[in-house]
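See structure below.
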Amino acid sequence: MELKERYLAAKRRLFDIAYAGLNDMQRESVFTVKGPLLVLAGAGSGKTTVLVKRIAFIIKYGDAYFSEKLPHGLDEDSVVKLEEASKLSRGEIEQILPEFINEPCAPWQMLAITFTNKAAGEIKSRLASAFDDESISSSIWAGTFHSVCMRILRKYGDRVGYEAGFTVYDTEDTKKAISDIMKSLNIDDKVMPVKSVISSISKANERLITCDTFETEYAGDYRMRKVAQIYKRYQERLKSCNALDYDDIIMQTIFLLRDNEDARDYYRNKFRYVCVDEYQDTNLAQFELTRILASGYENIMVVGDDDQSIYKFRGADITNILEFDRTYKNAKVIRLEQNYRSTKQILDAANMIISHNTSRKGKTLFTDRTDGEKIKLRCCEDQNAEARYIIDEINKAVASGSRGFKDFAILYRTNAQSQAIERAFAKSGIPYRVLCGQRFNDRKEIKDVLAYLQLINNHKDNERLKRIINEPKRKIGKQTLDAVEQIAAEQSCSMYEIISQADKYTALKRSAGTLLGFAELIDYFSGLLDTDITLEAFVRQVIDRSGYRQMLIDGGDEEKDRLDNIEEFISGVIDYSSREEGGTLGGFLEENALVSEVDKYDDTADAVVMMTIHSAKGLEFPIVFLPGMEDGIFPGMQNILASDAEMEEERRLAYVAVTRAKDVIYIVHTQRRMLYGRTTYNPISRFVKEIPEELIDTVEERRSVSTSAEYAPKTYFSASPRFGAGFSEEKVTVNKPLFAKPAQEAGKRIFKEGDIVAHMTFGRGEILTVKPMGADTLYEIAFDKVGTKKLMATYAKLKKYEG
DNA sequence: CAGCCATATCTTTTT
DNA sequence: GATATGGCTG
């Protein structure tokens with residue numbers, strides 16, 4: 001062999017050894033640095049690891065691995081030395097590697113885009129631990145599509161007509177604005193539901209169709225002509241409010257880059273490397289954005305799994321990934337098919353299900369794990385029996401000591417299914433958490449407080465102004481507001497501007513006083529921002545001086561939860577300030593608009609978790625329950641009736657569901673199910689039938705109601721006889737968590753029903769019920785002053801009431 | 001202008 | 001069956 005080849009082989013050998021923790025395909029993905037690269041990463045194949053290691057590799061060594069550059073004066077001796085080096089330890093080899101650096105990339109030239117904040121956070125934190133120097137990892141651009149675009153818009157937003165401090169509108173704001181516009185255009189929302197209009201507009205946004213193009217493109221269609229009208233007004237309205245909705249954030253960024261050569265050149269020259277995660281979920285706009293950003297160097301790497309594309313209904317275009325190698329000529333395609341998560345049985349089942357799809361790149365996952373059990377299939381009478389079965393199985397496993405509550409996840413097709421299960425769990429006393437679409441921020445009181453803050457931050461924000469101008473009641477009614485809105489439209493200025501000069505308009509004469517008062521309030525808050533007040537103190541001022549807090553206090557018992565929620569919101573503000581040095585109101589609002597509840601899901605609490613299969617994507621659990629595996633539920637009836645493409649998407653969802661499980665999977669279906677007030681009799685899901693019988697263990701229904709009694713160790717009853725006391729229902733007793741640790745262990749004393757206790761803030765109260773929740777205890781306490789509350793022993797800091 | 005009762009709606013939703 | 005919205009009345 002020639003000297004040159006020996007040198008390159010020896011060099012690559014050293015890198016291979018240094019990255020021996022990865023398998024061959026993973027390593028090749030890491031080392032392939034230049035040009036377009038598609039990594040088809042199956043579920044549980046170490047996708048994030050590859051992504052992070054590759055970014056770190058590029059920054060450390062550039063394209064050292066495949067580079068054919070030779071050192072000056074290459075001779076026999078130095079090659080032999082290099083060949084010998086492979087016998088050294090990994091640590092020693094790593095010392096040698098820097099000598100191969102070729103065209104390394106500065107951290108700020110690296111862009112990594114994900115879909116969720118959670119994924120972005122994961123990448124950021126893993127990168128932070130990959131580099132000793134914090135300044136390296138923090139200068140890498142890693143964020144969601146939306147946060148990356150926001151960053152670009154903050155720099156160049158004025159080019160597309162946005163002022164500093166622009167606002168993000170969420171789906172609710174959009175809905176309000178659209179239905180408002182429809183009213184003003186006299187379009188009946190019975191004939192044209194707001195939802196369908198929004199979805200048409202959103203689809204247009206995703207396909208980068210502006211309202212003008214939309215108008216001409218659909219000129220022949222009456223309905224679409226109307227939509228075009230609404231679309232146009234909506235866009236004008238967003239602009240005049242200095243606001244963008246989620247789709248706009250991406251679309252406007254693209255227009256900005258398309259129409260402004262300097263901005264475009266700045267970014268395409270800046271980002272030498274672009275990485276995109278979950279590429280199968282990109283829509284046309286996102287595809288276009290990555291294409292533009294990567295157009296300078298075309299070093300674009302996308303990671304994804306066509307089999308896990310489950311967001312078509314949101315505009316995700318699976319052809320982006322299927323045709324990646326056609327879009328980018330010379331693209332290299334690497335498949336990661338080794339799964340490090342699930343047992344063989346689980347993978348075989350998943351492979352069999354997904355093999356029924358035709359439009360796919362084709363992958364077959366394999367694993368080294370041979371310790372698995374068959375898939376447990378169980379038929380229950382109805383949804384309540386289904387819930388009880390799940391509870392029994394969890395109790396059994398936890399009682400045997402092998403599992404904690406947090407090892408279990410219940411994944412369902414629709415949120416509605418969680419109800420019956422939740423009810424049963426609430427009774428059982430098993431600690432659980434439900435992740436539903438409803439975000440904490442969607443609660444009215446939070447949205448109201450946010451609206452105040454948003455209006456202060458951006459005075460043009462008419463939507464938020466309308467939301468809170470009469471909340472608390474300031475005697476500013478609809479008529480006054482309509483007048484203000486009309487004048488604002490005529491003068492093409494913001495509603496706030498009109499309100500602050502209300503005395504100048506005869507139409508507003510009657511309410512001029514109250515309107516001016518409101519403007520003064522907002523001005524006062526704006527003035528506060530210029531002082532060195534902390535964000536927390538500022539937010540408290542807003543809540544107090546606006547009268548919002550008083551309104552809730554006056555509201556009595558029903559509004560108690562809302563006050564608590566507002567306190568929780570404030571702790572979010574405190575949290576933000578402590579995380580972001582020099583954090584501003586604008587910064588807080590932006591983060592708030594772009595962060596969802598699922599991002600905050602932490603897996604530390606010992607509780608069973610319930611969520612939709614969609615939300616579970618990217619997560620893994622030792623034991624997974626899939627209730628409601630019935631034709632009509634999953635796949636849903638609408639998808640059964642629709643085209644093959646819909647069914648394939650549904651099947652991919654089933655594939656995602658099954659591949660969440662590490663060790664055990666339970667598939668449950670019922671004979672009869674009550675859903676939406678109707679009893680249905682659904683056959684078992686066709687996806688279950690796609691799993692070969694030899695992988696399935698059909699679990700017979702037991703006749704006895706108290707099946708779990710035989711698993712409940714006697715010690716449980718004798719150790720804590722008190723727990724059953726408040727319940728007469730047998731099944732409740734039976735379903736108590738087994739081996740629930742007495743709270744005493746944590747240095748807390750246990751109270752019983754009827755005890756009188758003292759709480760730090762709520763004062764004197766009487767214990768109504770005592771429920772063990774895993775390692776903690778839930779008390780329901782009737783307080784003298786603040787009514788009945790449910791509190792966890794760990795947090796409540798209760799004392800025996802004395803005197 | 002605010003509270004109350006009738007009515008419609010019910011996949012999935014990373015931002 | 002449960003919940004959010006809207007129209008109507010006080």
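FYI, nothing fancy with the structure tokens labels: chains A, B, ... in order, residues from 1 per chain, ligands from 1 as they appear.
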
Legend entry - Expected answer as a list in words: chain C residues within 12 Å of chain A, only C-alpha atoms (C1' of nucleotides): DG1, DA2 and DT3 of chain C

Inset, instruction - Compute the set of chain A residues within 10 Å of chain B, using only C-alpha atoms (C1' of nucleotides), and express it as a count of residues only. - result: 55

So which residues touch segment 572-580 of chain A within 8 Å, counting only C-alpha atoms (C1' of nucleotides), skipping near sequence neighbours fewer than 3 positions away, as a compact mmCIF listing (two decimals) with C-alpha atoms, in the first residue's frame?
```txt
# COMPACT_ATOMS: atom_id res chain seq x y z
CA LEU A 535 -39.44 41.99 36.59
CA GLU A 536 -41.21 40.23 39.42
CA GLU A 568 -47.57 30.19 39.93
CA PHE A 569 -47.27 32.51 36.96
CA GLY A 583 -33.88 39.44 31.04
CA PHE A 588 -40.03 36.94 28.95
```

Inset, instruction - Could you please write out, as an MDAnalysis selection string, every residue of segment 26-215 of chain A that DSSP assigns to alpha helix (DSSP H)? - result: chainID A and resid 26:31 47:61 76:85 90:96 117:130 134:139 145:156 171:184 194:206 211:215

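Between atom CA of Leu97 of chain A and atom CA of Lys60 of chain A lies a distance of 9.4 Å.
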
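In this structure, atom CA of Gly404 of chain A sits 14.2 Å away from atom CA of Arg433 of chain A.
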
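From atom CA of Leu695 of chain A back to atom CA of Gly372 of chain A, the distance works out to 10.4 Å.
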
All strand (DSSP E or B) positions in segment 292-338 of chain A, as a PDB file with N, CA and C atoms, in the first residue's frame:
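Final output, selection-v8.pdb:
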```pdb
ATOM      1  N   ILE A 300     -25.581  20.663   4.633  1.00  0.00           N
ATOM      2  CA  ILE A 300     -26.830  20.515   5.376  1.00  0.00           C
ATOM      3  C   ILE A 300     -27.021  19.065   5.763  1.00  0.00           C
ATOM      4  N   MET A 301     -27.274  18.864   7.028  1.00  0.00           N
ATOM      5  CA  MET A 301     -27.540  17.516   7.502  1.00  0.00           C
ATOM      6  C   MET A 301     -28.949  17.497   8.053  1.00  0.00           C
ATOM      7  N   VAL A 302     -29.752  16.571   7.613  1.00  0.00           N
ATOM      8  CA  VAL A 302     -31.084  16.443   8.183  1.00  0.00           C
ATOM      9  C   VAL A 302     -31.227  15.057   8.788  1.00  0.00           C
ATOM     10  N   VAL A 303     -31.883  15.016   9.927  1.00  0.00           N
ATOM     11  CA  VAL A 303     -32.122  13.746  10.610  1.00  0.00           C
ATOM     12  C   VAL A 303     -33.615  13.556  10.702  1.00  0.00           C
ATOM     13  N   GLY A 304     -34.048  12.368  10.453  1.00  0.00           N
ATOM     14  CA  GLY A 304     -35.484  12.154  10.566  1.00  0.00           C
ATOM     15  C   GLY A 304     -35.843  10.709  10.340  1.00  0.00           C
ATOM     16  N   LYS A 332     -25.718  12.213   0.635  1.00  0.00           N
ATOM     17  CA  LYS A 332     -25.390  10.896   1.166  1.00  0.00           C
ATOM     18  C   LYS A 332     -26.538  10.480   2.083  1.00  0.00           C
ATOM     19  N   VAL A 333     -26.906   9.220   2.029  1.00  0.00           N
ATOM     20  CA  VAL A 333     -27.995   8.738   2.876  1.00  0.00           C
ATOM     21  C   VAL A 333     -27.460   7.660   3.799  1.00  0.00           C
ATOM     22  N   ILE A 334     -27.675   7.829   5.084  1.00  0.00           N
ATOM     23  CA  ILE A 334     -27.235   6.833   6.050  1.00  0.00           C
ATOM     24  C   ILE A 334     -28.440   6.385   6.870  1.00  0.00           C
ATOM     25  N   ARG A 335     -28.549   5.088   7.060  1.00  0.00           N
ATOM     26  CA  ARG A 335     -29.664   4.567   7.861  1.00  0.00           C
ATOM     27  C   ARG A 335     -29.161   4.108   9.226  1.00  0.00           C
ATOM     28  N   LEU A 336     -29.844   4.551  10.249  1.00  0.00           N
ATOM     29  CA  LEU A 336     -29.543   4.037  11.590  1.00  0.00           C
ATOM     30  C   LEU A 336     -30.663   3.073  11.955  1.00  0.00           C
ATOM     31  N   GLN A 338     -30.146   0.231  14.117  1.00  0.00           N
ATOM     32  CA  GLN A 338     -30.010  -0.502  15.373  1.00  0.00           C
ATOM     33  C   GLN A 338     -30.707   0.270  16.489  1.00  0.00           C
TER      34      GLN A 338
END
```

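By only C-alpha atoms (C1' of nucleotides), and with residues fewer than 4 positions from Glu497 of chain A along its chain excluded, the set lying at most 8 Å from it is Ala488, Cys493 and Gln501 of chain A.
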